[in-house]
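Engineer: What follows is structure_17.tsv, made up of TSV, C-alpha atoms:
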chain	number	residue	atom	x	y	z
A	92	MET	CA	10.65	19.84	14.73
A	93	LEU	CA	9.62	20.83	11.23
A	94	GLN	CA	12.10	22.34	8.83
A	95	SER	CA	10.61	25.38	7.15
A	96	VAL	CA	10.66	24.75	3.41
A	97	THR	CA	9.26	27.61	1.37
A	98	VAL	CA	8.81	27.71	-2.41
A	99	PRO	CA	7.04	30.30	-4.57
A	100	ASP	CA	3.29	30.54	-3.67
A	101	PHE	CA	3.59	27.71	-1.16
A	102	ASP	CA	4.71	27.62	2.43
A	103	ILE	CA	5.03	23.90	3.09
A	104	MET	CA	5.45	24.32	6.82
A	105	LYS	CA	2.26	26.42	7.02
A	106	LEU	CA	0.29	23.85	5.02
A	107	LEU	CA	1.55	21.03	7.21
A	108	GLU	CA	0.55	22.84	10.38
A	109	GLU	CA	-2.89	23.58	8.89
A	110	SER	CA	-3.32	19.88	8.06
A	111	ARG	CA	-3.28	19.12	11.80
A	112	LEU	CA	-6.26	21.38	12.48
A	113	ASP	CA	-9.44	19.66	13.62
A	114	GLY	CA	-12.39	19.31	11.32
A	115	VAL	CA	-12.94	19.80	7.62
A	116	ALA	CA	-10.27	22.48	7.18
A	117	GLY	CA	-7.48	20.21	8.40
A	118	HIS	CA	-8.65	17.28	6.27
A	119	ARG	CA	-8.92	19.49	3.21
A	120	THR	CA	-5.32	20.70	3.60
A	121	LEU	CA	-4.07	17.16	4.28
A	122	GLY	CA	-5.85	16.00	1.14
A	123	ARG	CA	-4.22	18.79	-0.83
A	124	LEU	CA	-0.76	17.71	0.36
A	125	LEU	CA	-1.47	14.08	-0.50
A	126	ARG	CA	-2.64	15.12	-3.96
A	127	ILE	CA	0.73	16.82	-4.51
A	128	ILE	CA	2.47	13.60	-3.49
A	129	ASP	CA	0.23	11.37	-5.62
A	130	ASP	CA	0.88	13.55	-8.67
A	131	SER	CA	4.67	13.35	-8.10
A	132	HIS	CA	4.75	17.15	-8.12
A	133	PRO	CA	8.21	18.68	-7.44
A	134	LEU	CA	6.83	19.89	-4.11
A	135	SER	CA	6.41	16.27	-3.03
A	136	ASP	CA	10.06	15.99	-2.07
A	137	GLU	CA	9.85	19.25	-0.11
A	138	ILE	CA	6.94	17.86	1.92
A	139	ASP	CA	8.88	14.66	2.58
A	140	LYS	CA	11.95	16.57	3.75
A	141	ALA	CA	9.84	18.58	6.17
A	142	VAL	CA	8.21	15.58	7.88
A	143	LYS	CA	11.12	13.15	7.91
A	144	THR	CA	11.93	13.49	11.62
A	145	GLU	CA	8.46	12.27	12.65
A	146	ALA	CA	7.77	9.74	9.92
A	147	PHE	CA	8.27	6.29	11.44
A	148	ARG	CA	6.03	6.10	14.50
A	149	ALA	CA	2.79	4.60	13.18
A	150	THR	CA	1.94	0.94	12.81
A	151	ARG	CA	1.68	0.16	9.09
A	152	ILE	CA	-0.60	-2.70	8.13
A	153	GLY	CA	-0.90	-3.80	4.51
A	154	LEU	CA	-3.95	-5.60	3.17
A	155	THR	CA	-3.77	-7.51	-0.08
A	156	GLY	CA	-5.62	-10.31	-1.82
A	157	PRO	CA	-7.77	-11.03	-4.87
A	158	PRO	CA	-10.28	-8.41	-6.03
A	159	GLY	CA	-13.70	-8.85	-4.47
A	160	GLY	CA	-12.33	-10.27	-1.24
A	161	GLY	CA	-13.93	-7.52	0.82
A	162	LYS	CA	-10.77	-5.70	1.93
A	163	SER	CA	-12.47	-2.30	1.98
A	164	SER	CA	-15.54	-3.67	3.76
A	165	LEU	CA	-13.28	-5.31	6.33
A	166	ILE	CA	-11.50	-2.01	6.95
A	167	ALA	CA	-14.84	-0.24	7.38
A	168	SER	CA	-15.95	-2.88	9.88
A	169	ALA	CA	-12.67	-2.64	11.84
A	170	LEU	CA	-12.47	1.17	12.06
A	171	GLU	CA	-14.46	1.56	15.27
A	172	ILE	CA	-12.35	-1.10	16.99
A	173	LEU	CA	-9.06	0.34	15.76
A	174	SER	CA	-9.89	3.92	16.70
A	175	GLY	CA	-10.83	2.89	20.23
A	176	SER	CA	-14.04	4.93	20.16
A	177	SER	CA	-17.74	4.20	20.16
A	178	GLU	CA	-18.80	7.37	18.34
A	179	PRO	CA	-17.44	8.62	14.97
A	180	GLY	CA	-16.73	12.10	16.36
A	181	ASP	CA	-14.90	11.02	19.52
A	182	LYS	CA	-11.37	12.21	20.23
A	183	SER	CA	-9.62	8.93	19.70
A	184	ARG	CA	-6.72	7.23	18.00
A	185	LYS	CA	-5.96	8.70	14.58
A	186	ILE	CA	-6.07	6.29	11.66
A	187	GLY	CA	-4.88	6.84	8.10
A	188	ILE	CA	-6.11	4.72	5.19
A	189	LEU	CA	-4.37	4.57	1.82
A	190	ALA	CA	-6.18	2.55	-0.84
A	191	VAL	CA	-4.24	1.95	-4.05
A	192	ASP	CA	-6.52	1.57	-7.06
A	193	PRO	CA	-5.35	0.21	-10.42
A	194	THR	CA	-4.58	2.70	-13.15
A	195	SER	CA	-5.88	1.94	-16.63
A	196	PRO	CA	-3.01	1.09	-19.02
A	197	TYR	CA	-5.05	2.66	-21.82
A	198	THR	CA	-6.43	5.92	-20.41
A	199	GLY	CA	-4.15	6.42	-17.40
A	200	GLY	CA	-7.22	6.95	-15.22
A	201	ALA	CA	-8.16	5.19	-11.99
A	202	LEU	CA	-11.54	4.48	-10.45
A	203	LEU	CA	-10.43	5.58	-6.96
A	204	GLY	CA	-13.70	4.22	-5.66
A	205	ASP	CA	-12.82	2.34	-2.48
A	206	ARG	CA	-14.32	5.06	-0.32
A	207	VAL	CA	-17.80	4.12	-1.50
A	208	ARG	CA	-17.53	0.99	0.67
A	209	LEU	CA	-16.70	2.99	3.83
A	210	LYS	CA	-20.33	3.36	4.83
A	211	GLY	CA	-21.33	6.06	7.28
A	212	PRO	CA	-19.27	8.89	8.86
A	213	VAL	CA	-15.72	7.95	9.77
A	214	GLY	CA	-14.99	10.90	12.05
A	215	GLN	CA	-12.32	13.59	12.01
A	216	ASN	CA	-9.66	11.23	13.36
A	217	VAL	CA	-9.86	8.93	10.36
A	218	PHE	CA	-8.41	10.08	7.04
A	219	PHE	CA	-9.01	8.13	3.85
A	220	ARG	CA	-7.21	8.65	0.56
A	221	SER	CA	-7.23	6.71	-2.70
A	222	LEU	CA	-4.01	6.65	-4.68
A	223	ALA	CA	-3.54	5.59	-8.29
A	224	SER	CA	-1.15	2.69	-8.93
A	225	ARG	CA	0.30	4.62	-11.92
A	226	GLY	CA	1.02	1.30	-13.63
A	227	ALA	CA	3.37	0.14	-10.86
A	228	THR	CA	3.82	-3.61	-10.53
A	229	GLY	CA	3.08	-5.31	-7.23
A	230	GLY	CA	0.06	-3.19	-6.35
A	231	VAL	CA	1.88	-0.13	-4.96
A	232	SER	CA	2.95	3.17	-6.46
A	233	ARG	CA	5.99	5.24	-5.51
A	234	ALA	CA	3.67	7.73	-3.78
A	235	ILE	CA	2.73	5.19	-1.11
A	236	TRP	CA	5.97	5.70	0.82
A	237	PRO	CA	5.88	9.51	1.18
A	238	ALA	CA	2.10	9.42	1.61
A	239	SER	CA	2.40	7.07	4.59
A	240	ARG	CA	5.14	9.26	6.09
A	241	LEU	CA	2.88	12.31	5.81
A	242	LEU	CA	0.02	10.49	7.55
A	243	ASP	CA	2.49	9.40	10.23
A	244	TRP	CA	3.52	13.03	10.79
A	245	TRP	CA	-0.19	14.05	10.82
A	246	GLY	CA	-0.53	11.86	13.89
A	247	ALA	CA	-1.90	8.57	12.60
A	248	GLU	CA	-1.11	5.79	15.04
A	249	ILE	CA	-2.24	3.15	12.56
A	250	ILE	CA	-1.93	3.33	8.78
A	251	LEU	CA	-3.88	0.80	6.73
A	252	ILE	CA	-2.58	0.27	3.21
A	253	GLU	CA	-4.94	-1.54	0.86
A	254	THR	CA	-3.27	-2.67	-2.35
A	255	VAL	CA	-4.33	-4.21	-5.63
A	256	GLY	CA	-2.99	-7.55	-6.79
A	257	SER	CA	-2.67	-11.09	-5.50
A	258	GLY	CA	-0.20	-13.93	-5.76
A	259	GLN	CA	3.23	-12.76	-6.86
A	260	LEU	CA	1.75	-9.44	-7.97
A	261	GLY	CA	0.73	-8.61	-4.40
A	262	THR	CA	4.08	-9.14	-2.72
A	263	ALA	CA	5.23	-5.52	-3.05
A	264	VAL	CA	2.96	-4.59	-0.15
A	265	ALA	CA	5.70	-6.00	2.11
A	266	ASP	CA	7.90	-3.15	0.91
A	267	VAL	CA	5.61	-0.57	2.51
A	268	ALA	CA	3.95	-2.32	5.48
A	269	ASP	CA	5.14	-3.69	8.83
A	270	LEU	CA	2.59	-6.50	8.72
A	271	VAL	CA	0.94	-8.09	5.69
A	272	VAL	CA	-2.65	-9.31	5.90
A	273	ALA	CA	-3.94	-11.48	3.04
A	274	VAL	CA	-7.71	-11.35	2.70
A	275	LEU	CA	-9.26	-14.36	0.98
A	276	THR	CA	-12.79	-15.65	0.40
A	277	PRO	CA	-14.38	-19.11	0.32
A	278	GLU	CA	-14.14	-19.00	-3.46
A	279	ALA	CA	-10.32	-18.95	-3.18
A	280	GLY	CA	-10.12	-22.66	-2.26
A	281	ASP	CA	-8.73	-23.94	-5.53
A	282	GLY	CA	-6.45	-20.93	-5.98
A	283	ILE	CA	-4.46	-21.15	-2.76
A	284	GLN	CA	-1.83	-23.48	-4.20
A	285	SER	CA	-1.22	-21.13	-7.13
A	286	MET	CA	-0.70	-18.21	-4.73
A	287	LYS	CA	1.90	-19.97	-2.61
A	288	ALA	CA	4.79	-18.57	-4.63
A	289	GLY	CA	3.74	-15.05	-3.74
A	290	VAL	CA	1.48	-13.70	-1.03
A	291	MET	CA	1.12	-17.07	0.71
A	292	GLU	CA	4.82	-17.15	1.58
A	293	MET	CA	4.92	-13.51	2.65
A	294	ALA	CA	1.71	-12.81	4.58
A	295	ASP	CA	1.79	-12.68	8.38
A	296	ILE	CA	-1.96	-13.06	8.79
A	297	PHE	CA	-4.64	-14.68	6.67
A	298	ILE	CA	-8.26	-13.64	6.98
A	299	VAL	CA	-10.98	-15.66	5.31
A	300	ASN	CA	-13.67	-13.02	4.83
A	301	LYS	CA	-17.29	-13.77	3.89
A	302	SER	CA	-16.85	-16.90	6.00
A	303	ASP	CA	-20.61	-17.43	6.17
A	304	ARG	CA	-20.48	-18.65	2.57
A	305	PRO	CA	-20.08	-22.29	1.50
A	306	GLY	CA	-16.47	-23.38	1.09
A	307	ALA	CA	-15.06	-21.37	3.98
A	308	GLU	CA	-14.08	-24.48	5.94
A	309	LEU	CA	-12.11	-25.82	2.96
A	310	VAL	CA	-10.11	-22.59	2.68
A	311	LEU	CA	-9.46	-22.51	6.42
A	312	ARG	CA	-8.23	-26.11	6.28
A	313	GLU	CA	-5.85	-25.24	3.44
A	314	LEU	CA	-4.57	-22.25	5.38
A	315	ARG	CA	-3.89	-24.40	8.44
A	316	PHE	CA	-1.45	-26.37	6.30
A	317	VAL	CA	0.19	-23.11	5.23
A	318	GLN	CA	0.38	-22.12	8.90
A	319	GLU	CA	2.09	-25.41	9.78
A	320	GLU	CA	4.61	-25.02	6.96
A	321	ALA	CA	5.41	-21.48	8.11
A	322	SER	CA	5.83	-22.63	11.71
A	323	ALA	CA	8.24	-25.36	10.61
A	324	ALA	CA	10.25	-22.65	8.86
A	325	GLY	CA	10.33	-20.53	12.02
A	326	ARG	CA	7.77	-17.95	10.88
A	327	SER	CA	4.66	-16.90	12.85
A	328	VAL	CA	1.46	-16.93	10.80
A	329	GLU	CA	-2.06	-16.39	12.13
A	330	VAL	CA	-5.37	-17.41	10.54
A	331	TYR	CA	-8.78	-15.81	11.21
A	332	HIS	CA	-12.22	-15.92	9.65
A	333	THR	CA	-14.60	-12.97	9.47
A	334	SER	CA	-17.82	-11.73	7.97
A	335	ALA	CA	-17.34	-8.01	7.49
A	336	VAL	CA	-21.00	-7.46	6.62
A	337	ASN	CA	-22.24	-8.46	10.08
A	338	GLY	CA	-18.99	-7.87	12.01
A	339	GLU	CA	-18.43	-11.50	12.98
A	340	GLY	CA	-14.83	-12.32	13.91
A	341	VAL	CA	-13.58	-8.80	13.15
A	342	ARG	CA	-12.58	-7.97	16.72
A	343	GLU	CA	-10.68	-11.25	17.09
A	344	ALA	CA	-8.79	-10.52	13.86
A	345	VAL	CA	-7.98	-6.93	14.91
A	346	ASP	CA	-6.77	-8.08	18.33
A	347	GLY	CA	-4.64	-10.77	16.67
A	348	ILE	CA	-3.04	-8.28	14.29
A	349	THR	CA	-2.27	-5.90	17.16
A	350	ALA	CA	-0.76	-8.67	19.30
A	351	LEU	CA	1.43	-9.96	16.45
A	352	TRP	CA	2.75	-6.47	15.67
A	353	LYS	CA	3.74	-5.98	19.33
A	354	LYS	CA	5.42	-9.39	19.39
A	355	LEU	CA	7.46	-8.63	16.27
A	356	GLU	CA	8.33	-5.16	17.55
A	357	GLU	CA	9.68	-6.59	20.79
A	358	LYS	CA	11.83	-9.04	18.84
A	359	GLY	CA	13.27	-6.23	16.70
A	360	GLU	CA	11.64	-7.63	13.57
A	361	ILE	CA	9.68	-4.45	12.79
A	362	ARG	CA	12.90	-2.43	12.64
A	363	LYS	CA	14.41	-4.99	10.25
A	364	ARG	CA	11.36	-4.75	8.02
A	365	ARG	CA	11.47	-0.97	7.98
A	366	LEU	CA	15.13	-1.04	6.96
A	367	ARG	CA	14.11	-3.27	4.06
A	368	GLN	CA	11.25	-0.93	3.18
A	369	ALA	CA	13.58	2.07	3.06
A	370	GLY	CA	16.03	0.17	0.87
A	371	SER	CA	13.23	-0.84	-1.52
A	372	GLU	CA	12.10	2.75	-1.89
A	373	VAL	CA	15.62	3.99	-2.61
A	374	ALA	CA	16.10	1.23	-5.21
A	375	ARG	CA	12.80	2.18	-6.89
A	376	ARG	CA	13.80	5.82	-7.06
A	377	VAL	CA	17.27	5.00	-8.44
A	378	GLU	CA	15.71	2.91	-11.21
A	379	GLU	CA	13.30	5.72	-12.06
A	380	ARG	CA	16.09	8.30	-12.18
A	381	ILE	CA	18.14	6.11	-14.52
A	382	ARG	CA	15.14	5.56	-16.80
A	383	ASP	CA	14.26	9.26	-16.80
A	384	GLU	CA	17.84	10.27	-17.59
A	385	MET	CA	18.02	7.79	-20.46
A	386	THR	CA	14.71	9.05	-21.83
A	387	GLN	CA	15.96	12.66	-21.73
A	388	ARG	CA	19.22	11.77	-23.46
A	389	LEU	CA	17.28	10.07	-26.24
A	390	GLY	CA	15.31	13.27	-26.81
A	391	GLY	CA	12.24	12.83	-24.62
A	392	THR	CA	9.39	10.40	-24.10
A	393	GLU	CA	8.21	10.31	-27.71
A	394	ALA	CA	11.72	9.69	-28.98
A	395	TYR	CA	12.12	6.89	-26.45
A	396	LYS	CA	8.84	5.28	-27.55
A	397	SER	CA	9.89	5.60	-31.18
A	398	ALA	CA	13.20	3.90	-30.45
A	399	LEU	CA	11.41	1.06	-28.64
A	400	LYS	CA	9.09	0.57	-31.61
A	401	GLU	CA	12.02	0.55	-34.02
A	402	TYR	CA	13.88	-2.10	-32.03
A	403	ALA	CA	10.68	-4.14	-31.59
A	404	GLU	CA	10.30	-4.32	-35.38
A	405	LYS	CA	13.93	-5.45	-35.73
A	406	ILE	CA	13.40	-8.14	-33.08
A	407	ILE	CA	10.31	-9.50	-34.87
A	408	ALA	CA	12.20	-9.43	-38.16
A	409	GLY	CA	14.98	-11.51	-36.59
A	410	GLU	CA	17.59	-8.80	-37.08
A	411	ILE	CA	18.46	-8.44	-33.39
A	412	ASN	CA	17.62	-10.02	-30.03
A	413	PRO	CA	16.09	-8.16	-27.04
A	414	SER	CA	19.32	-8.21	-25.01
A	415	SER	CA	21.30	-6.56	-27.80
A	416	ALA	CA	18.50	-4.06	-28.39
A	417	ALA	CA	18.58	-3.03	-24.72
A	418	GLU	CA	22.36	-2.70	-24.82
A	419	ASN	CA	22.25	-0.52	-27.94
A	420	LEU	CA	19.53	1.64	-26.43
A	421	THR	CA	21.41	2.28	-23.19
A	422	LYS	CA	24.62	3.04	-25.10
A	423	ALA	CA	22.74	5.54	-27.22
Please lay out the structure from this file as structure tokens.

Structural biologist:
Amino acid sequence: MLQSVTVPDFDIMKLLEESRLDGVAGHRTLGRLLRIIDDSHPLSDEIDKAVKTEAFRATRIGLTGPPGGGKSSLIASALEILSGSSEPGDKSRKIGILAVDPTSPYTGGALLGDRVRLKGPVGQNVFFRSLASRGATGGVSRAIWPASRLLDWWGAEIILIETVGSGQLGTAVADVADLVVAVLTPEAGDGIQSMKAGVMEMADIFIVNKSDRPGAELVLRELRFVQEEASAAGRSVEVYHTSAVNGEGVREAVDGITALWKKLEEKGEIRKRRLRQAGSEVARRVEERIRDEMTQRLGGTEAYKSALKEYAEKIIAGEINPSSAAENLTKA
């Protein structure tokens, strides 16, 4: 049951109920709520409190990999299979899609353009939302956790989370998803070894997309070795090849992902992963609170930036080392 949380000019419970309406009206309200979460508005916590009792039912699948790998195209190709319908408007399984786009370190803006690759109507039971990374490392922003919980409450049975980053920078997707799918291309052949320290050791499923291109067999061969190493370590890893443009291999990959999730759920592994996810989110929020409190005590953001610049100049001048600078700053 929802807890009624009312603040001036907003009735969160009413908005949440409206978001479950069919058609454009429901999607518009759901988008409004997700915008509040993405902007880290104070109301974001009120939304999260209201949906918490129904927030961990959906299957969360994270997709990561190098830019240009075709993650968005692969999602578009898999939507019909995942929803269990043949027509975009059918009453079918609800699916939520969260695509995290990189935020510019200079302007603070984000392209938020992944939707352009979802060609054609997706139907009222599919909800897509781009989120800005807000400069977060690892390809995920803090908003991804409450946003996925809201989509879960909305009724999504499957939530696809597409993140930016690859290698070690893409590993944070494991903090928000039950299963991690690494999407690679034939051009990734020489880069697989360099990615082993990150995504390669964390992904549950590898998909070689654009497999009709030269070099696909080489990448698949490399991934078979990764699969053998994972098996020797007691970890299940699956490898598939697809061509999202013409739909080849997509159904096999989707069926494999579904089967692996069920297998891990039966073993109790999904629960373990969700406990880790919750702990990661709490740790992120604690770190942010500490940083925000320190910034306020120093006199605000500008004062904090000024202090950083001052200590940076002293470090370059050889007057102090970074460790001592950090200690002095926190004491201040």

Engineer: Could you check the closest approach to A:Met293 for each of A:Arg148, A:His332, A:Arg326, A:Arg111 and tell me which residue wins, using all atoms listed in the file?

Structural biologist: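 With all atoms listed in the file as the atom set, the closest residue is A:Arg326.
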
Engineer: Just how far from atom CA of A:Leu121 is atom CA of A:Ile348, in Å to one decimal?

Structural biologist: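 Pair atom CA of A:Ile348 / atom CA of A:Leu121 returns 27.4 Å.
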
Engineer: Which residues come within 8 Å of A:Ser327, counting all atoms listed in the file, excluding same-chain residues fewer than 2 positions away, as an mmCIF file with C-alpha atoms, in the frame of the given file?

Structural biologist:
data_model
loop_
_atom_site.group_PDB
_atom_site.id
_atom_site.type_symbol
_atom_site.label_atom_id
_atom_site.label_comp_id
_atom_site.auth_asym_id
_atom_site.auth_seq_id
_atom_site.Cartn_x
_atom_site.Cartn_y
_atom_site.Cartn_z
ATOM 1 C CA ASP A 295 1.790 -12.680 8.380
ATOM 2 C CA GLN A 318 0.380 -22.120 8.900
ATOM 3 C CA ALA A 321 5.410 -21.480 8.110
ATOM 4 C CA SER A 322 5.830 -22.630 11.710
ATOM 5 C CA GLY A 325 10.330 -20.530 12.020
ATOM 6 C CA GLU A 329 -2.060 -16.390 12.130
#

Engineer: Kindly indicate which residue among A:Ala416, A:Val217, A:Leu189, A:Ala423 lies nearest to A:Val115, using only C-alpha atoms for the distances.

Structural biologist: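 The closest residue to A:Val115 is A:Val217.
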
Engineer: Quick one: of A:Val271, A:Val345, A:Ala403, A:Ile249, who's nearest to A:Ala149, counting all atoms listed in the file?

Structural biologist: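 Closest residue, counting all atoms listed in the file: A:Ile249.
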
Engineer: Could you state the separation of atom CA of A:Pro277 and atom CA of A:Asp303 in Å, given to one decimal place?

Structural biologist: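 Computing it gives 8.7 Å between the two atoms.
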
Engineer: So which one's closest to A:Ile250, A:Leu311, A:Ile166, A:Ala223, A:Ala273? Using all atoms listed in the file, please.

Structural biologist: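 Of all the options, A:Ile166 lies closest to A:Ile250.
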
Engineer: Please list, as a PyMOL selection string, the residues that have an atom at most 10 Å away from (-9.4, -0.7, 18.1) in the coordinates of this file, counting all atoms listed in the file.

Structural biologist: chain A and resi 169-177+183-184+249+342+345-346+349

Engineer: Could I get stretch 304-324 of chain A rebuilt with N, CA and C atoms, written as a short mmCIF file (atom, residue, chain, number, x, y, z; two decimals), in the frame of the given file?

Structural biologist:
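Wrote it out as result.cif, contents follow:
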data_model
loop_
_atom_site.label_atom_id
_atom_site.label_comp_id
_atom_site.auth_asym_id
_atom_site.auth_seq_id
_atom_site.Cartn_x
_atom_site.Cartn_y
_atom_site.Cartn_z
N ARG A 304 -20.18 -18.02 3.85
CA ARG A 304 -20.48 -18.65 2.57
C ARG A 304 -19.97 -20.09 2.52
N PRO A 305 -20.56 -20.91 1.66
CA PRO A 305 -20.08 -22.29 1.50
C PRO A 305 -18.63 -22.32 1.02
N GLY A 306 -17.87 -23.25 1.52
CA GLY A 306 -16.47 -23.38 1.09
C GLY A 306 -15.47 -22.76 2.04
N ALA A 307 -15.97 -22.04 3.05
CA ALA A 307 -15.06 -21.37 3.98
C ALA A 307 -14.20 -22.37 4.76
N GLU A 308 -14.81 -23.48 5.17
CA GLU A 308 -14.08 -24.48 5.94
C GLU A 308 -12.94 -25.08 5.13
N LEU A 309 -13.16 -25.27 3.83
CA LEU A 309 -12.11 -25.82 2.96
C LEU A 309 -10.92 -24.87 2.90
N VAL A 310 -11.19 -23.58 2.75
CA VAL A 310 -10.11 -22.59 2.68
C VAL A 310 -9.36 -22.53 4.00
N LEU A 311 -10.10 -22.55 5.10
CA LEU A 311 -9.46 -22.51 6.42
C LEU A 311 -8.57 -23.73 6.63
N ARG A 312 -9.02 -24.88 6.15
CA ARG A 312 -8.23 -26.11 6.28
C ARG A 312 -6.93 -25.99 5.47
N GLU A 313 -7.05 -25.44 4.27
CA GLU A 313 -5.85 -25.24 3.44
C GLU A 313 -4.88 -24.28 4.12
N LEU A 314 -5.42 -23.25 4.73
CA LEU A 314 -4.57 -22.25 5.38
C LEU A 314 -3.90 -22.81 6.64
N ARG A 315 -4.52 -23.76 7.29
CA ARG A 315 -3.89 -24.40 8.44
C ARG A 315 -2.62 -25.12 8.02
N PHE A 316 -2.66 -25.70 6.83
CA PHE A 316 -1.45 -26.37 6.30
C PHE A 316 -0.36 -25.33 6.03
N VAL A 317 -0.76 -24.20 5.47
CA VAL A 317 0.19 -23.11 5.23
C VAL A 317 0.78 -22.64 6.56
N GLN A 318 -0.06 -22.54 7.57
CA GLN A 318 0.38 -22.12 8.90
C GLN A 318 1.40 -23.10 9.48
N GLU A 319 1.16 -24.40 9.30
CA GLU A 319 2.09 -25.41 9.78
C GLU A 319 3.43 -25.34 9.05
N GLU A 320 3.38 -25.14 7.74
CA GLU A 320 4.61 -25.02 6.96
C GLU A 320 5.42 -23.80 7.40
N ALA A 321 4.73 -22.69 7.66
CA ALA A 321 5.41 -21.48 8.11
C ALA A 321 6.03 -21.69 9.48
N SER A 322 5.31 -22.36 10.38
CA SER A 322 5.83 -22.63 11.71
C SER A 322 7.08 -23.50 11.66
N ALA A 323 7.08 -24.48 10.76
CA ALA A 323 8.24 -25.36 10.61
C ALA A 323 9.45 -24.59 10.11
N ALA A 324 9.17 -23.48 9.38
CA ALA A 324 10.25 -22.65 8.86
C ALA A 324 10.63 -21.53 9.82
#
